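This report concerns only the one structure given below.
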Amino acid sequence: MHSYDIQLRRADMDALGHLNNVVFAQYLDEARADLLAGHEPWHLVVAGHRLTYRMPLTFGPDPVTVTSVVERIGDTSFTLAHEVRDGEHVYLSATSTLVAMADNAPRSLTAAERTYLGALGG
């Protein structure tokens, strides 16, 4: 499992004082970039996102944590399961499917990539 803390920013809030829905996807992207930074550079595209909003997230002084677990490893793709949470609440659960790319086409994951991803499994 990978954890990444994000400090809430007032600019991330909507007119009702809740974290904007689009910003949740940005938080997932930040956490994913941190997760993947621990391995050699690779080119990936996000093939799909599924976001489930659990409860509104309002501004506060404490950061939220994005946890990410590798849920599935395929031939050319893998799926991450995410949660955005604080110590008490889960605000969002999500999955992201990423595809490894080379020369504008999907490519097989390498053995080293599989090993790295396998260590992040749940």
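Numbering starts fresh at 1 for the residues of each chain in the structure tokens, the chains themselves are lettered A, B, ... in the order given, and ligands are numbered from 1 as they appear.
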
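Taking only C-alpha atoms, the non-local environment of Ala119 in chain A within 9 Å (same-chain residues fewer than 4 positions away omitted) comprises Met1, Val70, Arg114 and Thr115 of chain A.
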
Keeping only all heavy atoms, write the selected residues as an mmCIF file, in the first residue's frame.
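In the end it all went to selection.cif:
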```
data_model
loop_
_atom_site.group_PDB
_atom_site.id
_atom_site.type_symbol
_atom_site.label_atom_id
_atom_site.label_comp_id
_atom_site.auth_asym_id
_atom_site.auth_seq_id
_atom_site.Cartn_x
_atom_site.Cartn_y
_atom_site.Cartn_z
ATOM 1 N N MET A 1 0.852 -1.178 0.000
ATOM 2 C CA MET A 1 0.000 0.000 0.000
ATOM 3 C C MET A 1 0.895 1.237 0.000
ATOM 4 O O MET A 1 1.958 1.245 0.588
ATOM 5 C CB MET A 1 -0.921 0.019 1.212
ATOM 6 C CG MET A 1 -1.824 1.236 1.221
ATOM 7 S SD MET A 1 -3.157 1.237 2.439
ATOM 8 C CE MET A 1 -2.268 1.296 3.951
ATOM 9 N N VAL A 70 -2.372 -1.713 -5.337
ATOM 10 C CA VAL A 70 -2.488 -2.369 -6.637
ATOM 11 C C VAL A 70 -3.498 -3.502 -6.480
ATOM 12 O O VAL A 70 -3.299 -4.426 -5.694
ATOM 13 C CB VAL A 70 -1.123 -2.889 -7.139
ATOM 14 C CG1 VAL A 70 -1.300 -3.661 -8.452
ATOM 15 C CG2 VAL A 70 -0.157 -1.725 -7.331
ATOM 16 N N ARG A 114 6.328 -5.404 -12.856
ATOM 17 C CA ARG A 114 5.423 -6.332 -12.170
ATOM 18 C C ARG A 114 5.855 -6.541 -10.720
ATOM 19 O O ARG A 114 5.024 -6.583 -9.812
ATOM 20 C CB ARG A 114 5.369 -7.670 -12.902
ATOM 21 C CG ARG A 114 4.654 -7.612 -14.207
ATOM 22 C CD ARG A 114 4.749 -8.981 -14.923
ATOM 23 N NE ARG A 114 4.068 -8.885 -16.174
ATOM 24 C CZ ARG A 114 2.736 -8.897 -16.304
ATOM 25 N NH1 ARG A 114 1.978 -9.000 -15.242
ATOM 26 N NH2 ARG A 114 2.184 -8.784 -17.483
ATOM 27 N N THR A 115 7.155 -6.667 -10.507
ATOM 28 C CA THR A 115 7.674 -6.847 -9.156
ATOM 29 C C THR A 115 7.383 -5.609 -8.308
ATOM 30 O O THR A 115 6.929 -5.712 -7.160
ATOM 31 C CB THR A 115 9.192 -7.114 -9.197
ATOM 32 O OG1 THR A 115 9.409 -8.326 -9.935
ATOM 33 C CG2 THR A 115 9.778 -7.259 -7.802
#
```

Next item on the list: Would you return as a PyMOL selection string the members of chain A that DSSP assigns to strand (DSSP E or B) on this structure's backbone?
Entry: chain A and resi 2-6+13+18-19+44-53+58+64-73+77-85+90-102+105-106+121

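Between CA of Ala100 in chain A and CA of Leu44 in chain A there is a distance of 4.6 Å.
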
Notebook entry, point to check: Using only C-alpha atoms, which residues sit within 6 Å of range 71-81 of chain A once same-chain residues fewer than 4 positions away are excluded, as a PyMOL selection string?
Noted result: chain A and resi 94-100+107-109

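You will find CA of Arg9 in chain A at 13.9 Å from CA of Thr65 in chain A.
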
Next item on the list: Would you mind listing what lies within 7 Å of Gln7 in chain A as a VMD selection string, with only C-alpha atoms counted and same-chain residues fewer than 5 positions away left out?
Entry: chain A and resid 62 to 64

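Interatomic distance, CA of Asp14 in chain A to CA of Ala47 in chain A: 26.9 Å.
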
Note to self: For the structure I just gave you, how does DSSP split range 12-107 of chain A - specifically, which residues are alpha helix (DSSP H)? Reply as a ChimeraX atom specification.
What the structure shows: /A:21-36

Please tabulate, as a tab-separated table, the residues of range 63-85 of chain A that come within 10 Å of range 28-41 of chain A, each with its closest pair of atoms and the distance in Å to one decimal, counting only C-alpha atoms and ordering rows by chain, then residue number upward.
```
residue	atom	partner	partner_atom	distance
A:Thr65	CA	A:Ala31	CA	9.0
A:Val66	CA	A:Ala31	CA	6.4
A:Thr67	CA	A:Ala31	CA	7.9
A:Ser68	CA	A:Arg32	CA	7.8
A:Val69	CA	A:Leu35	CA	9.8
A:Leu80	CA	A:Arg32	CA	8.8
A:His82	CA	A:Leu28	CA	7.5
A:Glu83	CA	A:Leu28	CA	8.8
A:Val84	CA	A:Leu28	CA	8.3
```

Based on the selection just made, write N, CA and C atoms of those residues as an mmCIF file, in the first residue's frame.
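Resulting contents of part_22.cif:
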```cif
data_model
loop_
_atom_site.group_PDB
_atom_site.id
_atom_site.type_symbol
_atom_site.label_atom_id
_atom_site.label_comp_id
_atom_site.auth_asym_id
_atom_site.auth_seq_id
_atom_site.Cartn_x
_atom_site.Cartn_y
_atom_site.Cartn_z
ATOM 1 N N THR A 65 -5.321 11.914 3.428
ATOM 2 C CA THR A 65 -4.394 10.905 2.920
ATOM 3 C C THR A 65 -5.043 10.162 1.774
ATOM 4 N N VAL A 66 -4.295 10.027 0.689
ATOM 5 C CA VAL A 66 -4.720 9.180 -0.421
ATOM 6 C C VAL A 66 -3.961 7.872 -0.281
ATOM 7 N N THR A 67 -4.689 6.784 -0.080
ATOM 8 C CA THR A 67 -4.057 5.469 -0.051
ATOM 9 C C THR A 67 -4.318 4.795 -1.389
ATOM 10 N N SER A 68 -3.315 4.086 -1.870
ATOM 11 C CA SER A 68 -3.415 3.393 -3.153
ATOM 12 C C SER A 68 -2.856 1.987 -2.997
ATOM 13 N N VAL A 69 -3.596 1.027 -3.531
ATOM 14 C CA VAL A 69 -3.204 -0.375 -3.499
ATOM 15 C C VAL A 69 -3.340 -0.923 -4.909
ATOM 16 N N LEU A 80 -5.393 0.365 -9.837
ATOM 17 C CA LEU A 80 -5.153 0.842 -8.478
ATOM 18 C C LEU A 80 -6.486 1.101 -7.798
ATOM 19 N N HIS A 82 -8.057 3.254 -4.710
ATOM 20 C CA HIS A 82 -7.689 4.419 -3.911
ATOM 21 C C HIS A 82 -8.774 4.733 -2.880
ATOM 22 N N GLU A 83 -8.344 5.387 -1.801
ATOM 23 C CA GLU A 83 -9.261 6.038 -0.871
ATOM 24 C C GLU A 83 -8.681 7.395 -0.513
ATOM 25 N N VAL A 84 -9.559 8.377 -0.395
ATOM 26 C CA VAL A 84 -9.187 9.681 0.160
ATOM 27 C C VAL A 84 -9.848 9.732 1.522
#
```

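Residue nearest Leu19 in chain A, chosen from A:Leu117, A:Gly48, A:Leu92, A:Ala102 and counting only C-alpha atoms: A:Leu92.
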
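Comparing A:Val23, A:Leu57, A:Val45, A:Leu16 by their smallest distance to Arg85 in chain A, the closest is A:Leu57 (using only C-alpha atoms).
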
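Minimum distance to Ala25 in chain A across A:Val46, A:Met13, A:Ile6, A:Leu51 (counting only C-alpha atoms) occurs at A:Leu51.
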